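K.L.:
Sending over a structure as structure tokens; questions will come in a sec.
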Amino acid sequence: MFKIKKRIIISAAHFLKLDYNSKCSGMHGHNWIIDVYLKSPDLDKNGMVMDFSVIKEKVAGALDHKVLNEVIDRNPTAENIALWVCETLGEKCYRVEVQESPDNVAVYERD
């Protein structure tokens with residue numbers, strides 16, 4: 001099994017729709033660190049699981065310097081961002097870690 005990891009750093013804004021009062025309900029931004037993990041039993045014709053530049057374009061190209069509420073079709077919590085990234089990268093992606101601040105990280109893993 002071949003495995004790769006790609007780190008992507010983006011700047012993006014969001015606001016959360018919550019059923020309680022929170023400062024996160026207002027528009028604010030983060031410098032997000034997104035670690036993606038992909039695996040495949042086989043390499044493509046170029047000898048890769050997936051080209052690192054393709055991964056960056058699919059994630060950063062869609063999210064960097066954007067309002068995440070306008071890109072992601074669910075409440076853009078760190079957990080939902082991780083899920084969106086995993087779905088966007090497809091079946092080879094098995095784990096995504098989304099860090100919105102040094103103390104706050106969400107992880108999505110496929111079973």
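If you're wondering about the labels, chains in the structure tokens are A, B, ... by order shown, residues count from 1 in each chain, ligands from 1 in order shown.
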Per residue of region 26-57 of chain A within 12 Å of region 94-100 of chain A, which atom pair is closest and at what distance in Å (one decimal), using only C-alpha atoms, listed by chain and increasing number, as a Markdown table?
P.N.:
```
| residue | atom | partner | partner_atom | distance |
| --- | --- | --- | --- | --- |
| A:His28 | CA | A:Glu100 | CA | 11.3 |
| A:Gly29 | CA | A:Glu100 | CA | 9.0 |
| A:His30 | CA | A:Glu100 | CA | 5.9 |
| A:Asn31 | CA | A:Glu100 | CA | 6.6 |
| A:Trp32 | CA | A:Glu100 | CA | 4.9 |
| A:Ile33 | CA | A:Gln99 | CA | 5.0 |
| A:Ile34 | CA | A:Val98 | CA | 4.6 |
| A:Asp35 | CA | A:Glu97 | CA | 5.1 |
| A:Val36 | CA | A:Val96 | CA | 4.6 |
| A:Tyr37 | CA | A:Arg95 | CA | 5.1 |
| A:Leu38 | CA | A:Tyr94 | CA | 5.8 |
| A:Lys39 | CA | A:Tyr94 | CA | 7.1 |
| A:Ser40 | CA | A:Tyr94 | CA | 10.0 |
```
K.L.:
Please run DSSP on the backbone and report, as a list in words, all residues within region 31-76 of chain A that come out as helix (DSSP H, G or I).
P.N.:
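In region 31-76 of chain A, DSSP puts these residues in helix (DSSP H, G or I): Phe52, Ser53, Val54, Ile55, Lys56, Glu57, Lys58, Val59, Ala60, Gly61, Ala62, Leu63, Leu68, Asn69 and Glu70 of chain A.
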K.L.:
With DSSP run on the backbone, what are the strand (DSSP E) residues within region 10-103 of chain A? I'd like them as a list in words.
P.N.:
Ile10, Ser11, Ala12, Ala13, His14, His28, Gly29, His30, Asn31, Trp32, Ile33, Ile34, Asp35, Val36, Tyr37, Leu38, Lys39, Ser40, Cys93, Tyr94, Arg95, Val96, Glu97, Val98, Gln99, Glu100 and Ser101 of chain A
K.L.:
Looking at only C-alpha atoms, which of A:Tyr108, A:Leu16, A:Pro41, A:His65 is the one that sits closest to Met1 (chain A)?
P.N.:
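Going through A:Tyr108, A:Leu16, A:Pro41, A:His65 one by one, the smallest distance to Met1 (chain A) is for A:Pro41.
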K.L.:
Point out the residue among A:Val105, A:Ile10, A:Leu83, A:Ile4 with the least atom-to-atom distance to Val67 (chain A), counting only C-alpha atoms.
P.N.:
A:Ile10
K.L.:
Counting only C-alpha atoms, which residue out of A:Val49, A:Leu43, A:Met27, A:Ala12 sits closest to Val71 (chain A)?
P.N.:
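Going through A:Val49, A:Leu43, A:Met27, A:Ala12 one by one, the smallest distance to Val71 (chain A) is for A:Ala12.
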K.L.:
If we count only C-alpha atoms, what is near Thr88 (chain A) at a cut-off of 12 Å, once residues fewer than 2 positions away on the same chain are taken out, given as a ChimeraX atom specification?
P.N.:
/A:36,54-63,71-72,81-86,90-94,96
K.L.:
With distances taken over only C-alpha atoms, which residue among A:Phe2, A:Pro76, A:Ser11, A:Ser22 lies nearest Ser101 (chain A)?
P.N.:
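Of A:Phe2, A:Pro76, A:Ser11, A:Ser22, the one nearest Ser101 (chain A) is A:Ser11, counting only C-alpha atoms.
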K.L.:
What does the distance between CA of Glu70 (chain A) and CA of Ala106 (chain A) come to in Å, to one decimal place?
P.N.:
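Distance between the two atoms: 20.4 Å.
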